[in-house]
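Student: Take this structure first; my questions come after.
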Amino acid sequence: MILGHIQTDRAGKTAGYEYLRIESHNGVLAYISTIKGRETVFTAVKVTAEEAVFENLAHDFPQRIIYRATPDGLSARVESADRKRDELSVQAYCLPRIAIPLDDGEA
């Protein structure tokens, strides 16, 4: 599972939050967005070592979320399926993966 958090700012003030996770959902890889307690599921339609594309054509906007590997981490792009709506591209910054030792109960 991958967890994330997006904060939207307007005029220097926080306008909203989105919590996200990428996980197996009903047997397929999915991007699950939670805004104000409401979940929206985007299922993976393409996954390679360099790119992951998630879609939910029934959603108003965005309908497609694209992550691409870059030398600096990840780029993220959201768009409508017909590409007529405004699109947004951002640089996503990822914390390095760390190993967390599990307590096996032995002292």
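Scheme for the structure tokens: letters A, B, ... for chains in order shown; per-chain residue numbers from 1; ligand numbers from 1 in order shown.
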Residues within 7 Å of A:Tyr67, please, as an MDAnalysis selection string. Count only C-alpha atoms; anything in the same chain fewer than 2 positions from it doesn't count.
Tutor: chainID A and resid 51:53 65 69 74:77
Student: DSSP on the backbone: which residues in stretch 1-38 of chain A end up as strand (DSSP E)? Give the answer as a ChimeraX atom specification.
Tutor: /A:2-10,13-25,28-35,38
Student: Keeping only N, CA and C atoms, write the selected residues as a PDB file, in the first residue's frame.
Tutor:
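The resulting file, selection30.pdb, is reproduced below:
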ATOM      1  N   ILE A   2       0.487   2.227  -0.752  1.00  0.00           N
ATOM      2  CA  ILE A   2       1.149   3.523  -0.765  1.00  0.00           C
ATOM      3  C   ILE A   2       0.149   4.542  -0.244  1.00  0.00           C
ATOM      4  N   LEU A   3       0.567   5.359   0.703  1.00  0.00           N
ATOM      5  CA  LEU A   3      -0.297   6.388   1.274  1.00  0.00           C
ATOM      6  C   LEU A   3       0.203   7.754   0.858  1.00  0.00           C
ATOM      7  N   GLY A   4      -0.716   8.695   0.685  1.00  0.00           N
ATOM      8  CA  GLY A   4      -0.319  10.040   0.312  1.00  0.00           C
ATOM      9  C   GLY A   4      -1.296  11.070   0.840  1.00  0.00           C
ATOM     10  N   HIS A   5      -0.893  12.306   0.733  1.00  0.00           N
ATOM     11  CA  HIS A   5      -1.677  13.431   1.209  1.00  0.00           C
ATOM     12  C   HIS A   5      -1.446  14.597   0.258  1.00  0.00           C
ATOM     13  N   ILE A   6      -2.507  15.238  -0.161  1.00  0.00           N
ATOM     14  CA  ILE A   6      -2.411  16.401  -1.041  1.00  0.00           C
ATOM     15  C   ILE A   6      -3.099  17.564  -0.361  1.00  0.00           C
ATOM     16  N   GLN A   7      -2.428  18.705  -0.343  1.00  0.00           N
ATOM     17  CA  GLN A   7      -3.003  19.919   0.233  1.00  0.00           C
ATOM     18  C   GLN A   7      -3.124  20.946  -0.879  1.00  0.00           C
ATOM     19  N   THR A   8      -4.304  21.521  -1.034  1.00  0.00           N
ATOM     20  CA  THR A   8      -4.546  22.541  -2.049  1.00  0.00           C
ATOM     21  C   THR A   8      -4.550  23.905  -1.377  1.00  0.00           C
ATOM     22  N   ASP A   9      -3.731  24.805  -1.905  1.00  0.00           N
ATOM     23  CA  ASP A   9      -3.659  26.168  -1.373  1.00  0.00           C
ATOM     24  C   ASP A   9      -4.160  27.158  -2.414  1.00  0.00           C
ATOM     25  N   ARG A  10      -4.883  28.167  -1.947  1.00  0.00           N
ATOM     26  CA  ARG A  10      -5.322  29.272  -2.794  1.00  0.00           C
ATOM     27  C   ARG A  10      -5.086  30.567  -2.028  1.00  0.00           C
ATOM     28  N   LYS A  13      -3.657  30.287   1.452  1.00  0.00           N
ATOM     29  CA  LYS A  13      -4.412  29.610   2.506  1.00  0.00           C
ATOM     30  C   LYS A  13      -4.817  28.222   2.036  1.00  0.00           C
ATOM     31  N   THR A  14      -4.897  27.308   2.992  1.00  0.00           N
ATOM     32  CA  THR A  14      -5.298  25.948   2.675  1.00  0.00           C
ATOM     33  C   THR A  14      -6.761  25.934   2.247  1.00  0.00           C
ATOM     34  N   ALA A  15      -7.013  25.380   1.047  1.00  0.00           N
ATOM     35  CA  ALA A  15      -8.372  25.323   0.518  1.00  0.00           C
ATOM     36  C   ALA A  15      -8.965  23.921   0.621  1.00  0.00           C
ATOM     37  N   GLY A  16      -8.121  22.912   0.787  1.00  0.00           N
ATOM     38  CA  GLY A  16      -8.652  21.563   0.885  1.00  0.00           C
ATOM     39  C   GLY A  16      -7.562  20.522   1.037  1.00  0.00           C
ATOM     40  N   TYR A  17      -7.997  19.338   1.395  1.00  0.00           N
ATOM     41  CA  TYR A  17      -7.100  18.197   1.582  1.00  0.00           C
ATOM     42  C   TYR A  17      -7.639  17.010   0.820  1.00  0.00           C
ATOM     43  N   GLU A  18      -6.739  16.174   0.368  1.00  0.00           N
ATOM     44  CA  GLU A  18      -7.098  14.884  -0.209  1.00  0.00           C
ATOM     45  C   GLU A  18      -6.158  13.845   0.382  1.00  0.00           C
ATOM     46  N   TYR A  19      -6.722  12.760   0.818  1.00  0.00           N
ATOM     47  CA  TYR A  19      -5.921  11.634   1.279  1.00  0.00           C
ATOM     48  C   TYR A  19      -6.027  10.567   0.206  1.00  0.00           C
ATOM     49  N   LEU A  20      -4.924   9.914  -0.081  1.00  0.00           N
ATOM     50  CA  LEU A  20      -4.965   8.905  -1.128  1.00  0.00           C
ATOM     51  C   LEU A  20      -4.199   7.675  -0.713  1.00  0.00           C
ATOM     52  N   ARG A  21      -4.564   6.590  -1.350  1.00  0.00           N
ATOM     53  CA  ARG A  21      -3.815   5.358  -1.180  1.00  0.00           C
ATOM     54  C   ARG A  21      -3.869   4.590  -2.489  1.00  0.00           C
ATOM     55  N   ILE A  22      -2.803   3.863  -2.742  1.00  0.00           N
ATOM     56  CA  ILE A  22      -2.747   2.976  -3.892  1.00  0.00           C
ATOM     57  C   ILE A  22      -2.610   1.578  -3.321  1.00  0.00           C
ATOM     58  N   GLU A  23      -3.570   0.730  -3.654  1.00  0.00           N
ATOM     59  CA  GLU A  23      -3.624  -0.605  -3.077  1.00  0.00           C
ATOM     60  C   GLU A  23      -4.449  -1.524  -3.959  1.00  0.00           C
ATOM     61  N   SER A  24      -4.465  -2.792  -3.609  1.00  0.00           N
ATOM     62  CA  SER A  24      -5.331  -3.739  -4.289  1.00  0.00           C
ATOM     63  C   SER A  24      -6.764  -3.482  -3.823  1.00  0.00           C
ATOM     64  N   HIS A  25      -7.668  -3.343  -4.780  1.00  0.00           N
ATOM     65  CA  HIS A  25      -9.074  -3.067  -4.479  1.00  0.00           C
ATOM     66  C   HIS A  25      -9.922  -3.967  -5.375  1.00  0.00           C
ATOM     67  N   VAL A  28      -7.830  -5.645  -8.115  1.00  0.00           N
ATOM     68  CA  VAL A  28      -7.048  -4.864  -9.087  1.00  0.00           C
ATOM     69  C   VAL A  28      -6.365  -3.703  -8.359  1.00  0.00           C
ATOM     70  N   LEU A  29      -5.266  -3.231  -8.939  1.00  0.00           N
ATOM     71  CA  LEU A  29      -4.563  -2.095  -8.370  1.00  0.00           C
ATOM     72  C   LEU A  29      -5.428  -0.846  -8.553  1.00  0.00           C
ATOM     73  N   ALA A  30      -5.547  -0.045  -7.492  1.00  0.00           N
ATOM     74  CA  ALA A  30      -6.416   1.128  -7.558  1.00  0.00           C
ATOM     75  C   ALA A  30      -5.821   2.300  -6.799  1.00  0.00           C
ATOM     76  N   TYR A  31      -6.143   3.493  -7.280  1.00  0.00           N
ATOM     77  CA  TYR A  31      -5.846   4.762  -6.619  1.00  0.00           C
ATOM     78  C   TYR A  31      -7.154   5.152  -5.960  1.00  0.00           C
ATOM     79  N   ILE A  32      -7.156   5.302  -4.644  1.00  0.00           N
ATOM     80  CA  ILE A  32      -8.377   5.619  -3.912  1.00  0.00           C
ATOM     81  C   ILE A  32      -8.201   6.977  -3.250  1.00  0.00           C
ATOM     82  N   SER A  33      -9.015   7.926  -3.683  1.00  0.00           N
ATOM     83  CA  SER A  33      -8.977   9.292  -3.181  1.00  0.00           C
ATOM     84  C   SER A  33     -10.078   9.476  -2.142  1.00  0.00           C
ATOM     85  N   THR A  34      -9.732  10.113  -1.024  1.00  0.00           N
ATOM     86  CA  THR A  34     -10.737  10.421  -0.004  1.00  0.00           C
ATOM     87  C   THR A  34     -10.728  11.922   0.241  1.00  0.00           C
ATOM     88  N   ILE A  35     -11.854  12.559  -0.057  1.00  0.00           N
ATOM     89  CA  ILE A  35     -12.032  13.994   0.172  1.00  0.00           C
ATOM     90  C   ILE A  35     -13.299  14.158   0.994  1.00  0.00           C
ATOM     91  N   ARG A  38     -15.358  11.082   1.620  1.00  0.00           N
ATOM     92  CA  ARG A  38     -15.960  10.388   0.468  1.00  0.00           C
ATOM     93  C   ARG A  38     -14.871   9.793  -0.419  1.00  0.00           C
TER      94      ARG A  38
END
Student: Smallest atom-to-atom distance to A:Val78: which of A:Lys46, A:His59, A:Arg64, A:Lys36, using only C-alpha atoms?
Tutor: A:Arg64
Student: Could you please determine the separation between atom CA of A:Ser80 and atom CA of A:Phe61 in Å, to one decimal place?
Tutor: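 Atom CA of A:Ser80 sits 6.1 Å away from atom CA of A:Phe61.
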